[in-house]
Structures are given as structure tokens and as C-alpha cells.
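Novice: Could you have a look at this structure, given as C-alpha cells, before my questions?
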Amino acid sequence: MRAAQPRVYLIARPALDHAAMAAYLREVGGERWLEKLDLGQFEAQDLAEYAGKICYRSWAPGLNPNVRKVRDDQDGYLRNILASGHGSVLEHASFTFVLHDVSRIMTHELCRHRPGTATSQESMRFVRLDDIPFWFPDWARDDKALMEYASQLISTLEQFQLWMADRFQLDAEGTSMHERKARTSFMRRFAPDGVATGLVLSANVRALRHVIESRTDPGAEEEIRLVAGRIGELMRAEAPALFGDYTVTDGAWVPGWRKV
Ligand SMILES: Cc1cc2nc3c(=O)[nH]c(=O)nc-3n(C[C@H](O)[C@H](O)[C@H](O)COP(=O)(O)OP(=O)(O)OC[C@H]3O[C@@H](n4cnc5c(N)ncnc54)[C@H](O)[C@@H]3O)c2cc1C
């Protein structure tokens with residue numbers, strides 16, 4: 001049995017085309033906005049601000065005669081977006097993560113989050129198990145008797161996987177892909193929910209805020225709490241103005257503004 005540890009890698013983030021943004025801004029007289037940006041530093045924030053400013057044409061005072069004052073500091077502008085619940089502008093910025101060595105328990109819970117997310121999960125109909133990687137929380141690792149029993153059980157399940165692969169002749173020349181897939185799918189029924197697997201998750205900032213809050217709640221399951229907390233840490237570094245309002249206490253991320 002391989003001891004697994006859930007990991008989160010951030011693999012994609014927004015990348016802005018400043019020339020194209022400027023082309024639009026020139027047409028509406030808003031170039032000043034782009035000039036003040038610290039280009040390339042927090043692109044998700046720039047994108048959210050851009051999407052917000054288009055709403056009132058508030059690139060500069062007077063471009064829209066109804067707007068006499070504009071907020072120039074990005075932190076303050078985005079804080080106001082969060083505070084006023086104008087969260088749809090946050091949907092333009094998406095991030096993509098690989099979640100590696102996470103259990104099917106965690107992935108099943110994560111997949112319940114639908115708007116603003118996309119998931120591609122390792123297929124256990126196709127990917128054959130030759131071992132059963134497994135994560136144990138610290139409290140379980142500290143229980144020697146539990147670990148002995150669990151390790152024995154998992155080792156038996158691993159041996160059964162290998163036995164079935166041999167029994168079904170999955171590696172024989174003549175075994176078709178269809179047959180392999182069907183048998184591999186049957187074999188996964190004998191893997192525990194805790195088997196470590198992986199997925200790619202994409203989610204926009206609005207969805208991420210909700211996932212981080214609800215899945216680090218003390219009532220949430222311990223593995224998803226760990227993963228959602230790690231996503232929170234990554235996002236706070238990526239976009240401090242969009243994730244800086246959380247207070248983190250004992251792993252629970254409580255936002256300054258809920259349901260933006
Ligand atoms: C601590 C905890 C315990 C849980 N226990 C269980 C359980 O025992 N059994 C179980 O089945 N599930 C359970 N869940 C899952 C939970 O019911 C949700 O399915 C999951 O958290 C997804 O979140 P969400 O409903 O906010 O939807 P998301 O898909 O994350 O959507 C975000 C928000 O968009 C809005 N929204 C989304 N879809 C719709 C829609 N169709 N109609 C209207 N508004 C919508 C809602 O405001 C929603 O909060 C649990 C979740 C947590 C955090």
C-alpha cells in the first residue's frame with residue numbers, strides 16, 4: 001500500500017492581452033485606467049476590475065456623465081465589489097488545479113459544486129489499479145492497531161486486484177480494449193472509497209469563494225477541508241484583493257462577505 005498525501009497544484013490562471021484591452025479602452029477614452037495598472041502582477045484582479053468598470057464606463061470621471069468620481073485603488077474597488085455582492089464580475093477569472101492523490105470520497109463531494117466549475121477525473125474504468133494508494137489522517141496514523149488492521153485489509157484488496165487481472169487475462173494479447181474496460185470497471189468495485197486518485201478542476205473566482213468557505217467549514221469532511229484550505233492559500237497569494245477578506249480559524253475560512 002502506498003501512503004498518499006492529497007496535493008493541490010495550480011496549473012492555469014488568467015493571462016490578459018493588454019494590447020487588446022487597450023484597443024477597446026482607446027475607443028471609449030479609458031486608456032488612463034490601463035496606464036495605472038501594475039501590469040502582469042495580479043491578472044485575475046485586473047480582469048475582475050476591467051469587467052466591473054465596463055458596467056458603468058467608470059474608467060475615468062466624466063466618461064459617463066452620471067459618474068463624477070471613480071475609485072482608483074484596485075483593492076478598494078474590489079472590496080466594494082465583494083461588499084455589494086456584484087459577484088458576477090468575478091466569474092470571468094478562472095483557475096485550474098490538479099488535485100493529486102485525493103480520494104473518491106473527496107472528489108464525490110467536490111463534484112457537487114456545479115455552477116462555474118469544470119471537472120475531468122481519472123477514469124477507473126480505464127485506469128487499472130495495481131495498488132491502492134491511501135491517505136490516513138494524522139489521528140489514524142497514530143493508532144497502531146488501526147493502522148495494522150487497515151494495512152492488512154488494503155494489502156488483501158491489492159492482491160485481489162492483481163489476482164483478478166490475471167484471472168481475466170487482461171494482459172493477454174487477444175484481450176480486446178472493450179473487454180479490458182469492462183473487467184477493469186468490475187474490479188474497481190473492490191477498491192475502497194478512500195483509494196487515492198486525481199482530477200483537474202477549473203473554477204471561477206466566485207465558485208472558488210463558495211467552495212473554500214463551505215468546504216473548510218468545521219462540519220465538512222476532513223480531507224476536503226484540507227484540500228479546500230490549500231486552494232484558499234493558493235488563491236490568497238494569486239489574488240489577495242479577492243481572497244483577502246477571509247479569517248482563518250482552526251482551518252475554517254470565514255469570508256468577510258458571503259455569497260458574493
Ligand atoms: C458540511 C456539508 C455537509 C453536506 N452533507 C451532505 C449530505 O449529507 N448529503 C448530500 O447529498 N449532500 C451533502 N452536502 C452537499 C451539499 O448539499 C451541496 O450539494 C454541495 O455543498 C454543493 O453546494 P451548493 O448546493 O451550494 O451548490 P453549488 O453547485 O456550489 O452552487 C453554488 C450556489 O449556486 C446556487 N445554485 C446552484 N445550483 C442551483 C440550482 N439548481 N438552483 C438554485 N440555485 C442554485 C446556490 O446558491 C448555491 O449555493 C454537504 C455539504 C457540506 C458543505
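Scheme for the C-alpha cells: letters A, B, ... for chains in order shown; per-chain residue numbers from 1; ligand numbers from 1 in order shown.
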Please report, as an NGL selection string, each residue of stretch 24-208 of chain A to which DSSP assigns alpha helix (DSSP H) when run on this structure's backbone.
Specialist: :A and (24-28 or 31-35 or 43-56 or 74-84 or 104-110 or 138-141 or 144-167 or 177-187 or 205-208)
Novice: Using only C-alpha atoms and all ligand atoms, find each residue of chain A with at least one atom at most 6 Å away from an atom of ligand 1; report its shortest atom-to-atom pair and that distance in Å (one decimal), sort the rows by chain and rising residue number, and return the result as a Markdown table.
Specialist:
| residue | atom | partner | partner_atom_place_in_ligand_line | distance |
| --- | --- | --- | --- | --- |
| A:Arg112 | CA | ligand 1 | 22 (C) | 4.6 |
| A:His113 | CA | ligand 1 | 29 (O) | 3.3 |
| A:Arg114 | CA | ligand 1 | 29 (O) | 3.7 |
| A:Pro115 | CA | ligand 1 | 29 (O) | 5.3 |
| A:Ser214 | CA | ligand 1 | 53 (C) | 4.7 |
| A:Arg215 | CA | ligand 1 | 53 (C) | 5.2 |
| A:Gly219 | CA | ligand 1 | 1 (C) | 4.6 |
| A:Ala220 | CA | ligand 1 | 1 (C) | 3.9 |
Novice: Keeping only N, CA, C and O atoms, write those residues as a tab-separated table (two decimals), in the first residue's frame.
Specialist:
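Final output, saved to out36.tsv:
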chain	number	residue	atom	x	y	z
A	112	ARG	N	-20.12	18.03	-6.39
A	112	ARG	CA	-21.46	18.57	-6.11
A	112	ARG	C	-21.53	20.07	-6.41
A	112	ARG	O	-22.61	20.62	-6.52
A	113	HIS	N	-20.36	20.71	-6.49
A	113	HIS	CA	-20.35	22.15	-6.80
A	113	HIS	C	-20.41	22.32	-8.30
A	113	HIS	O	-19.51	21.87	-9.02
A	114	ARG	N	-21.48	22.92	-8.79
A	114	ARG	CA	-21.74	22.89	-10.23
A	114	ARG	C	-21.50	24.21	-10.95
A	114	ARG	O	-20.65	24.28	-11.83
A	115	PRO	N	-22.23	25.29	-10.62
A	115	PRO	CA	-22.03	26.50	-11.46
A	115	PRO	C	-20.59	27.00	-11.37
A	115	PRO	O	-20.02	27.07	-10.28
A	214	SER	N	-17.50	26.80	2.13
A	214	SER	CA	-18.35	25.69	2.59
A	214	SER	C	-17.53	24.44	2.89
A	214	SER	O	-17.88	23.67	3.79
A	215	ARG	N	-16.41	24.26	2.18
A	215	ARG	CA	-15.67	23.01	2.36
A	215	ARG	C	-14.54	23.10	3.38
A	215	ARG	O	-13.83	22.10	3.59
A	219	GLY	N	-17.84	21.57	9.91
A	219	GLY	CA	-18.74	20.43	9.69
A	219	GLY	C	-18.40	19.64	8.43
A	219	GLY	O	-18.97	18.58	8.20
A	220	ALA	N	-17.47	20.14	7.61
A	220	ALA	CA	-17.14	19.44	6.36
A	220	ALA	C	-16.18	18.27	6.65
A	220	ALA	O	-15.57	18.19	7.71
Novice: Hey, what's within 12 Å of A:Glu109 if we count only C-alpha atoms and toss same-chain stuff fewer than 2 positions away? As JSON, numbers by chain, please?
Specialist: {"A": [102, 103, 104, 105, 106, 107, 111, 112, 113, 114, 193, 211, 214, 215, 220, 221, 222, 223, 224, 225, 227, 228]}
Novice: Give me the residues within 8 Å of stretch 16-22 of chain A as number ranges by chain, counting only C-alpha atoms and dropping any in the same chain fewer than 5 places off.
Specialist: A: 31, 34, 40, 43, 47
Novice: Have a look at A:Asp171, A:Asp72, A:Asp101, A:Asp38 and name the one nearest to A:Ala60; count only C-alpha atoms.
Specialist: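 Of all the options, A:Asp72 lies closest to A:Ala60.
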Novice: May I have the residues within 12 Å of A:Gln5 as a ChimeraX atom specification, using only C-alpha atoms and disregarding those fewer than 5 positions away in the same chain?
Specialist: /A:99-103,133-138,194-198,223,226-227
Novice: Using only C-alpha atoms, please write the residues we just selected to a file, as a PDB file, in the first residue's frame.
Specialist:
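Written file, again_39.pdb:
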ATOM      1  CA  LEU A  99      -5.793  17.570  -7.297  1.00  0.00           C
ATOM      2  CA  HIS A 100      -3.488  14.596  -6.910  1.00  0.00           C
ATOM      3  CA  ASP A 101      -3.784  11.648  -4.526  1.00  0.00           C
ATOM      4  CA  VAL A 102      -7.236  12.662  -3.370  1.00  0.00           C
ATOM      5  CA  SER A 103      -9.819  10.034  -2.503  1.00  0.00           C
ATOM      6  CA  PRO A 133      -2.812   4.322  -2.638  1.00  0.00           C
ATOM      7  CA  PHE A 134      -4.462   5.585   0.523  1.00  0.00           C
ATOM      8  CA  TRP A 135      -4.396   8.667   2.731  1.00  0.00           C
ATOM      9  CA  PHE A 136      -4.589   8.357   6.512  1.00  0.00           C
ATOM     10  CA  PRO A 137      -5.168  11.445   8.633  1.00  0.00           C
ATOM     11  CA  ASP A 138      -2.673  12.000  11.456  1.00  0.00           C
ATOM     12  CA  GLY A 194     -10.611   6.040   0.088  1.00  0.00           C
ATOM     13  CA  VAL A 195      -8.477   4.987  -2.901  1.00  0.00           C
ATOM     14  CA  ALA A 196      -6.321   7.934  -3.958  1.00  0.00           C
ATOM     15  CA  THR A 197      -6.939   9.227  -7.444  1.00  0.00           C
ATOM     16  CA  GLY A 198      -6.919  12.580  -9.190  1.00  0.00           C
ATOM     17  CA  GLU A 223      -9.938  15.566   3.563  1.00  0.00           C
ATOM     18  CA  LEU A 226      -7.548  20.088   3.825  1.00  0.00           C
ATOM     19  CA  VAL A 227      -7.834  20.432   0.028  1.00  0.00           C
TER      20      VAL A 227
END
Novice: Can you work out the spacing between atom CA of A:Tyr56 and atom CA of A:Glu27 in Å, to one decimal?
Specialist: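 Pair atom CA of A:Tyr56 / atom CA of A:Glu27 returns 15.4 Å.
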Novice: Name the closest residue to A:Asp245 among the candidates A:Asp73, A:Arg68, A:Ala83, A:Phe42; distances are taken between atoms, counting only C-alpha atoms.
Specialist: A:Ala83
Novice: How many Å lie between atom CA of A:Leu82 and atom CA of A:Ser120, rounded to one decimal?
Specialist: 29.5 Å
Novice: Hey, what's within 10 Å of A:Arg230 if we count only C-alpha atoms and toss same-chain stuff fewer than 4 positions away? As a PDB file with C-alpha atoms, in the first residue's frame, please?
Specialist:
ATOM      1  CA  PRO A   6      -3.548  14.918  -1.036  1.00  0.00           C
ATOM      2  CA  ARG A   7      -1.834  17.592  -3.130  1.00  0.00           C
ATOM      3  CA  VAL A   8      -3.071  20.651  -4.956  1.00  0.00           C
ATOM      4  CA  TYR A   9      -1.182  22.161  -7.891  1.00  0.00           C
ATOM      5  CA  ILE A 212     -13.453  27.447   0.077  1.00  0.00           C
ATOM      6  CA  THR A 216     -13.417  24.330   5.113  1.00  0.00           C
ATOM      7  CA  ILE A 224     -11.948  18.124   1.597  1.00  0.00           C
ATOM      8  CA  ARG A 225     -11.241  20.638   4.384  1.00  0.00           C
ATOM      9  CA  LEU A 226      -7.548  20.088   3.825  1.00  0.00           C
ATOM     10  CA  LEU A 234      -3.067  29.427  -3.292  1.00  0.00           C
ATOM     11  CA  MET A 235      -5.858  31.835  -4.200  1.00  0.00           C
ATOM     12  CA  ARG A 236      -4.966  34.304  -1.480  1.00  0.00           C
ATOM     13  CA  GLY A 251      -8.725  25.620   9.253  1.00  0.00           C
TER      14      GLY A 251
END
